[in-house]
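J.: I am sharing my_file-v6.csv, which consists of CSV, C-alpha atoms:
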```csv
chain,number,residue,atom,x,y,z
A,29,GLY,CA,-18.7,7.9,2.6
A,30,ALA,CA,-18.5,4.9,0.3
A,31,GLY,CA,-14.7,5.0,0.0
A,32,VAL,CA,-11.6,6.7,1.3
A,33,SER,CA,-11.4,10.3,-0.1
A,34,GLN,CA,-8.2,12.2,-0.4
A,35,SER,CA,-7.6,15.8,-1.4
A,36,PRO,CA,-6.2,17.4,-3.3
A,37,SER,CA,-5.5,14.7,-6.0
A,38,ASN,CA,-2.5,16.6,-7.2
A,39,LYS,CA,-0.4,19.3,-5.6
A,40,VAL,CA,2.5,21.2,-7.0
A,41,THR,CA,4.4,23.3,-4.5
A,42,GLU,CA,7.6,25.3,-4.4
A,43,LYS,CA,10.5,24.0,-2.3
A,44,GLY,CA,10.3,25.4,1.2
A,45,LYS,CA,6.6,25.8,1.3
A,46,ASP,CA,4.3,24.0,3.7
A,47,VAL,CA,1.5,21.6,2.4
A,48,GLU,CA,-1.5,19.9,3.9
A,49,LEU,CA,-2.9,16.7,2.6
A,50,ARG,CA,-6.4,15.6,3.7
A,51,CYS,CA,-7.9,12.2,4.2
A,52,ASP,CA,-11.5,11.3,4.8
A,53,PRO,CA,-11.8,7.7,5.8
A,54,ILE,CA,-14.7,5.4,5.5
A,55,SER,CA,-17.4,6.2,8.0
A,56,GLY,CA,-17.0,4.0,11.1
A,57,HIS,CA,-13.4,2.9,10.4
A,58,THR,CA,-11.4,3.4,13.5
A,59,ALA,CA,-8.0,2.8,12.1
A,60,LEU,CA,-6.4,5.2,9.6
A,61,TYR,CA,-3.0,4.9,8.0
A,62,TRP,CA,-0.7,7.1,5.9
A,63,TYR,CA,1.7,5.7,3.4
A,64,ARG,CA,4.1,7.2,0.8
A,65,GLN,CA,4.8,5.7,-2.6
A,66,SER,CA,7.6,6.9,-4.8
A,67,LEU,CA,7.9,6.2,-8.5
A,68,GLY,CA,5.3,3.4,-8.6
A,69,GLN,CA,7.3,1.5,-6.1
A,70,GLY,CA,6.2,-0.2,-2.8
A,71,LEU,CA,4.6,1.7,0.0
A,72,GLU,CA,6.5,3.2,2.9
A,73,PHE,CA,4.6,3.4,6.2
A,74,LEU,CA,4.3,6.9,7.7
A,75,ILE,CA,1.8,7.0,10.6
A,76,TYR,CA,-1.1,5.1,12.0
A,77,PHE,CA,-4.1,6.2,14.1
A,78,GLN,CA,-6.3,3.9,16.1
A,79,GLY,CA,-9.3,5.4,17.9
A,80,ASN,CA,-8.2,7.7,20.7
A,81,SER,CA,-4.9,6.0,21.2
A,82,ALA,CA,-1.6,7.9,20.7
A,83,PRO,CA,-0.6,7.6,17.0
A,84,ASP,CA,2.2,5.4,15.9
A,85,LYS,CA,4.6,7.9,14.3
A,86,SER,CA,7.5,5.5,13.8
A,87,GLY,CA,7.5,5.9,10.0
A,88,LEU,CA,7.6,9.7,9.7
A,89,PRO,CA,10.9,10.4,7.9
A,90,SER,CA,11.7,13.7,9.7
A,91,ASP,CA,10.3,16.3,12.1
A,92,ARG,CA,9.0,18.3,9.1
A,93,PHE,CA,6.2,15.7,8.8
A,94,SER,CA,3.3,15.7,11.2
A,95,ALA,CA,-0.3,14.4,11.1
A,96,GLU,CA,-3.4,14.7,13.2
A,97,ARG,CA,-6.8,13.1,13.2
A,98,THR,CA,-9.7,15.2,14.4
A,99,GLY,CA,-12.8,13.6,16.0
A,100,GLY,CA,-11.6,10.2,15.1
A,101,SER,CA,-12.4,10.9,11.5
A,102,VAL,CA,-10.7,13.2,9.0
A,103,SER,CA,-6.9,13.3,9.1
A,104,THR,CA,-4.4,15.9,7.8
A,105,LEU,CA,-0.8,15.2,6.9
A,106,THR,CA,1.3,18.3,7.0
A,107,ILE,CA,4.8,18.6,5.5
A,108,GLN,CA,6.7,21.7,6.5
A,109,ARG,CA,9.5,23.3,4.4
A,110,THR,CA,9.0,20.8,1.6
A,111,GLN,CA,12.0,19.4,-0.2
A,112,GLN,CA,12.3,17.8,-3.6
A,113,GLU,CA,12.7,14.4,-2.1
A,114,ASP,CA,9.3,14.8,-0.6
A,115,SER,CA,7.8,14.4,-4.1
A,116,ALA,CA,5.7,11.2,-4.1
A,117,VAL,CA,2.2,9.9,-3.9
A,118,TYR,CA,0.8,10.0,-0.4
A,119,LEU,CA,-1.8,7.3,0.2
A,120,CYS,CA,-4.3,7.2,3.0
A,121,ALA,CA,-6.1,4.0,4.0
A,122,SER,CA,-8.6,3.0,6.7
A,123,SER,CA,-9.9,-0.2,8.2
A,124,LEU,CA,-12.7,-1.1,10.6
A,125,MET,CA,-10.2,-1.9,13.4
A,126,PRO,CA,-6.5,-2.8,13.5
A,127,SER,CA,-7.1,-5.5,11.0
A,128,PRO,CA,-5.0,-8.2,9.5
A,129,TYR,CA,-7.6,-8.5,6.7
A,130,GLY,CA,-6.6,-5.5,4.6
A,131,TYR,CA,-7.1,-1.8,4.2
A,132,THR,CA,-9.2,0.3,1.9
A,133,PHE,CA,-7.0,2.9,0.2
A,134,GLY,CA,-7.8,6.3,-1.2
A,135,SER,CA,-6.6,7.3,-4.7
A,136,GLY,CA,-3.8,9.3,-3.2
A,137,THR,CA,-2.3,12.8,-3.5
A,138,ARG,CA,0.5,13.2,-6.0
A,139,LEU,CA,2.8,15.8,-4.5
A,140,THR,CA,5.4,17.5,-6.7
A,141,VAL,CA,8.0,19.8,-5.1
A,142,VAL,CA,9.7,22.1,-7.6
B,22,THR,CA,12.3,-4.3,10.8
B,23,GLN,CA,10.2,-6.7,8.7
B,24,LEU,CA,11.1,-6.7,5.0
B,25,LEU,CA,9.3,-8.2,2.1
B,26,GLU,CA,11.1,-8.9,-1.2
B,27,GLN,CA,9.0,-9.3,-4.4
B,28,SER,CA,10.2,-10.9,-7.6
B,29,PRO,CA,10.3,-10.3,-10.4
B,30,GLN,CA,10.2,-6.5,-10.3
B,31,PHE,CA,9.0,-6.3,-13.9
B,32,LEU,CA,7.2,-8.8,-16.1
B,33,SER,CA,6.1,-8.4,-19.7
B,34,ILE,CA,4.2,-11.4,-21.2
B,35,GLN,CA,1.8,-12.2,-24.0
B,36,GLU,CA,-1.9,-12.7,-23.5
B,37,GLY,CA,-2.6,-16.3,-22.6
B,38,GLU,CA,0.7,-17.0,-20.8
B,39,ASN,CA,0.9,-18.1,-17.1
B,40,LEU,CA,3.0,-16.3,-14.5
B,41,THR,CA,4.0,-16.4,-10.9
B,42,VAL,CA,5.0,-13.6,-8.6
B,43,TYR,CA,6.9,-14.3,-5.4
B,44,CYS,CA,7.0,-12.5,-2.1
B,45,ASN,CA,9.6,-13.6,0.4
B,46,SER,CA,10.7,-12.6,3.9
B,47,SER,CA,12.8,-13.8,6.8
B,48,SER,CA,10.1,-12.7,9.1
B,49,VAL,CA,6.9,-14.4,10.1
B,50,PHE,CA,3.7,-12.6,9.4
B,51,SER,CA,0.2,-13.1,11.0
B,52,SER,CA,-1.3,-12.6,7.6
B,53,LEU,CA,-0.3,-11.6,4.1
B,54,GLN,CA,-2.3,-9.7,1.6
B,55,TRP,CA,-2.1,-9.1,-2.1
B,56,TYR,CA,-3.1,-5.8,-3.7
B,57,ARG,CA,-3.4,-4.7,-7.3
B,58,GLN,CA,-2.8,-1.0,-8.2
B,59,GLU,CA,-3.6,0.8,-11.4
B,60,PRO,CA,-2.1,4.2,-12.4
B,61,GLY,CA,-3.6,7.1,-10.5
B,62,GLU,CA,-5.4,4.8,-8.1
B,63,GLY,CA,-4.7,3.4,-4.7
B,64,PRO,CA,-4.0,-0.3,-4.2
B,65,VAL,CA,-7.1,-2.6,-4.2
B,66,LEU,CA,-7.1,-5.6,-2.0
B,67,LEU,CA,-7.3,-8.9,-3.9
B,68,VAL,CA,-6.9,-11.5,-1.1
B,69,THR,CA,-5.8,-12.1,2.5
B,70,VAL,CA,-4.2,-15.4,3.5
B,71,VAL,CA,-3.9,-16.2,7.2
B,72,THR,CA,-3.1,-19.8,7.7
B,73,GLY,CA,0.3,-21.4,6.8
B,74,GLY,CA,-0.1,-23.5,3.7
B,75,GLU,CA,-3.3,-21.8,2.8
B,76,VAL,CA,-4.3,-21.6,-0.9
B,77,LYS,CA,-6.9,-19.3,-2.2
B,78,LYS,CA,-8.3,-19.0,-5.7
B,79,LEU,CA,-9.9,-16.0,-7.2
B,80,LYS,CA,-10.9,-16.9,-10.8
B,81,ARG,CA,-7.6,-17.2,-12.7
B,82,LEU,CA,-5.5,-16.1,-9.7
B,83,THR,CA,-4.2,-18.5,-7.2
B,84,PHE,CA,-2.6,-17.3,-3.9
B,85,GLN,CA,-0.5,-19.4,-1.6
B,86,PHE,CA,0.8,-18.7,1.9
B,87,GLY,CA,4.0,-20.6,2.8
B,88,ASP,CA,3.8,-23.2,5.6
B,89,ALA,CA,6.1,-21.0,7.8
B,90,ARG,CA,4.1,-17.9,7.0
B,91,LYS,CA,7.2,-16.1,5.7
B,92,ASP,CA,6.5,-16.2,2.0
B,93,SER,CA,3.7,-16.2,-0.6
B,94,SER,CA,3.1,-16.5,-4.2
B,95,LEU,CA,0.6,-15.3,-6.8
B,96,HIS,CA,0.0,-17.4,-9.9
B,97,ILE,CA,-2.0,-16.1,-12.8
B,98,THR,CA,-3.3,-18.5,-15.4
B,99,ALA,CA,-4.0,-17.4,-19.0
B,100,ALA,CA,-3.1,-13.8,-18.3
B,101,GLN,CA,-5.2,-11.1,-20.0
B,102,PRO,CA,-4.5,-7.5,-20.8
B,103,GLY,CA,-6.8,-6.5,-18.0
B,104,ASP,CA,-4.4,-8.1,-15.5
B,105,THR,CA,-1.9,-5.4,-16.3
B,106,GLY,CA,-0.9,-3.4,-13.2
B,107,LEU,CA,1.3,-3.2,-10.1
B,108,TYR,CA,1.0,-6.2,-7.8
B,109,LEU,CA,1.9,-5.6,-4.2
B,110,CYS,CA,2.2,-8.0,-1.4
B,111,ALA,CA,1.9,-6.8,2.2
B,112,GLY,CA,2.5,-8.6,5.5
B,113,ALA,CA,0.9,-7.9,8.8
B,114,GLY,CA,2.6,-8.3,12.2
B,115,ASN,CA,0.8,-9.8,15.2
B,116,ALA,CA,-0.7,-6.5,16.2
B,117,GLY,CA,-2.1,-6.0,12.6
B,118,ASN,CA,-1.7,-2.3,12.9
B,119,MET,CA,0.8,-1.7,10.2
B,120,LEU,CA,1.4,-3.5,6.9
B,121,THR,CA,4.9,-3.9,5.5
B,122,PHE,CA,4.8,-3.8,1.7
B,123,GLY,CA,7.0,-5.4,-0.8
B,124,GLY,CA,8.5,-3.4,-3.6
B,125,GLY,CA,5.9,-4.5,-6.1
B,126,THR,CA,5.8,-6.4,-9.4
B,127,ARG,CA,4.9,-4.4,-12.5
B,128,LEU,CA,3.0,-6.7,-14.9
B,129,MET,CA,2.3,-5.9,-18.5
B,130,VAL,CA,0.2,-8.3,-20.5
B,131,LYS,CA,0.3,-7.7,-24.3
B,132,PRO,CA,-2.6,-8.6,-26.5
```
When written as structure tokens, how does the structure in this file appear?
T.:
Amino acid sequence: GAGVSQSPSNKVTEKGKDVELRCDPISGHTALYWYRQSLGQGLEFLIYFQGNSAPDKSGLPSDRFSAERTGGSVSTLTIQRTQQEDSAVYLCASSLMPSPYGYTFGSGTRLTVV
Amino acid sequence: TQLLEQSPQFLSIQEGENLTVYCNSSSVFSSLQWYRQEPGEGPVLLVTVVTGGEVKKLKRLTFQFGDARKDSSLHITAAQPGDTGLYLCAGAGNAGNMLTFGGGTRLMVKP
């Protein structure tokens, strides 16, 4: 596609439920990143995928968070047993390769845990 | 852990004024990027600076990368209401596989 597509754009869930957030990167982009942004602040790195290499999961805040990337394209971020502190905007970005020249971000998924 | 500190956190100015946003770190970055984010959207890349001492101009925006590649600044001349938004700096390590973001500067330009 022309840009990075994320769905849903908004998600309200009850505490304790599981949620799945989807990211469709730009076609041909081998690198995919998930970030989390709270209250319009800076971005917190979560996880990074590059081609067929093992993902860099160093930013995942707890074992309730996991992500996968199927076929080197679409990625799903799963949060199990959601907590109120998980409420944030989850942003996905992709780049042509591990690039120092910048990412293209999606519009994000706003997750609200009530 | 590489950290980036942005200042100021908030800035409210009148149309036509000039401003500078700073991004500082004790770490060296292979490159540094500036993004602008509007409500409900993801950050949009404005510029990437790679060489220490590099200066890039984008219309009324001037970006500078420090000689030691630890800091950067964004200067806006004659700010306009359309410049309103959240400005984020982000530094890349040598592998370039993860960006470290600053906390952001929220700019409001009043007409």
J.: Please compute the atom CA of Ser103 of chain A-atom CA of Gln58 of chain B distance, one decimal, in Å.
T.: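 Taking atom CA of Ser103 of chain A as the start and atom CA of Gln58 of chain B as the end point, the length is 22.8 Å.
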J.: Calculate how many Å separate atom CA of Lys39 of chain A from atom CA of Thr137 of chain A, rounding to one decimal.
T.: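 According to the coordinates, atom CA of Lys39 of chain A and atom CA of Thr137 of chain A are separated by 7.1 Å.
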J.: Identify every residue of chain A that has at least one atom within 9 Å of any atom of chain B, counting all atoms listed in the file, and report the result as a list in words.
T.: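 Using all atoms listed in the file, chain A residues at most 9 Å from chain B: Ala59, Tyr61, Gly68, Gln69, Gly70, Leu71, Glu72, Phe73, Ile75, Tyr76, Phe77, Gln78, Leu119, Cys120, Ala121, Met125, Pro126, Ser127, Pro128, Tyr129, Gly130, Tyr131, Thr132, Phe133, Gly134, Ser135, Gly136 and Arg138 of chain A.
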J.: Write to file, as a compact mmCIF listing (two decimals), in the frame of the given file, the residues of the selection just made, with C-alpha atoms.
T.:
```txt
# COMPACT_ATOMS: atom_id res chain seq x y z
CA ALA A 59 -8.00 2.80 12.10
CA TYR A 61 -3.00 4.90 8.00
CA GLY A 68 5.30 3.40 -8.60
CA GLN A 69 7.30 1.50 -6.10
CA GLY A 70 6.20 -0.20 -2.80
CA LEU A 71 4.60 1.70 0.00
CA GLU A 72 6.50 3.20 2.90
CA PHE A 73 4.60 3.40 6.20
CA ILE A 75 1.80 7.00 10.60
CA TYR A 76 -1.10 5.10 12.00
CA PHE A 77 -4.10 6.20 14.10
CA GLN A 78 -6.30 3.90 16.10
CA LEU A 119 -1.80 7.30 0.20
CA CYS A 120 -4.30 7.20 3.00
CA ALA A 121 -6.10 4.00 4.00
CA MET A 125 -10.20 -1.90 13.40
CA PRO A 126 -6.50 -2.80 13.50
CA SER A 127 -7.10 -5.50 11.00
CA PRO A 128 -5.00 -8.20 9.50
CA TYR A 129 -7.60 -8.50 6.70
CA GLY A 130 -6.60 -5.50 4.60
CA TYR A 131 -7.10 -1.80 4.20
CA THR A 132 -9.20 0.30 1.90
CA PHE A 133 -7.00 2.90 0.20
CA GLY A 134 -7.80 6.30 -1.20
CA SER A 135 -6.60 7.30 -4.70
CA GLY A 136 -3.80 9.30 -3.20
CA ARG A 138 0.50 13.20 -6.00
```
J.: In Å, with one decimal, what is the gap from atom CA of Ser122 of chain A to atom CA of Thr58 of chain A?
T.: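 So the answer is 7.4 Å.
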J.: Quick one: residues within 8 Å of Leu128 of chain B, all atoms listed in the file, excluding same-chain residues fewer than 6 positions away - as a compact mmCIF listing (two decimals) with C-alpha atoms, in the coordinates of the input?
T.:
```txt
# COMPACT_ATOMS: atom_id res chain seq x y z
CA PHE B 31 9.00 -6.30 -13.90
CA LEU B 32 7.20 -8.80 -16.10
CA SER B 33 6.10 -8.40 -19.70
CA ILE B 34 4.20 -11.40 -21.20
CA ASP B 104 -4.40 -8.10 -15.50
CA THR B 105 -1.90 -5.40 -16.30
CA GLY B 106 -0.90 -3.40 -13.20
CA LEU B 107 1.30 -3.20 -10.10
CA TYR B 108 1.00 -6.20 -7.80
```
J.: Which is closest to Lys91 of chain B among B:Pro29, B:Gly73, B:Pro132, B:Gly103, if we use all atoms listed in the file?
T.: B:Gly73
J.: Dump as a ChimeraX atom specification all residues having an atom at most 6 Å from (-3.9, 18.1, 4.8), computed in the file's coordinates with all atoms listed in the file.
T.: /A:48-50,104-106
J.: Could you write out that same residue set with C-alpha atoms as a CSV table (one decimal), in the coordinates of the input?
T.:
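For reference, selection.csv as written:
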```
chain,number,residue,atom,x,y,z
A,48,GLU,CA,-1.5,19.9,3.9
A,49,LEU,CA,-2.9,16.7,2.6
A,50,ARG,CA,-6.4,15.6,3.7
A,104,THR,CA,-4.4,15.9,7.8
A,105,LEU,CA,-0.8,15.2,6.9
A,106,THR,CA,1.3,18.3,7.0
```
J.: For His96 of chain B, find every residue with an atom within 9 Å (counting only C-alpha atoms), except residues of its own chain fewer than 4 positions away, and show them as a ChimeraX atom specification.
T.: /B:39-43,81-85
J.: Which polymer residues, whether protein, DNA or RNA, lie within 7 Å of the coordinate (2.8, 12.6, -2.1) when you count only C-alpha atoms? List them as an MDAnalysis selection string, using the chain letters and numbers from the file.
T.: chainID A and resid 64 115:118 137:139
J.: Excluding same-chain residues fewer than 5 positions from segment 88-93 of chain A, what lies within 6 Å of it counting only C-alpha atoms, as a PyMOL selection string?
T.: chain A and resi 74+106-108
J.: For Thr41 of chain A, work out the shell of residues within 9 Å, counting all atoms listed in the file and skipping chain neighbours fewer than 4 positions away, then give it as a list of chain:residue names.
T.: A:Lys45, A:Asp46, A:Val47, A:Thr110, A:Leu139, A:Thr140, A:Val141, A:Val142
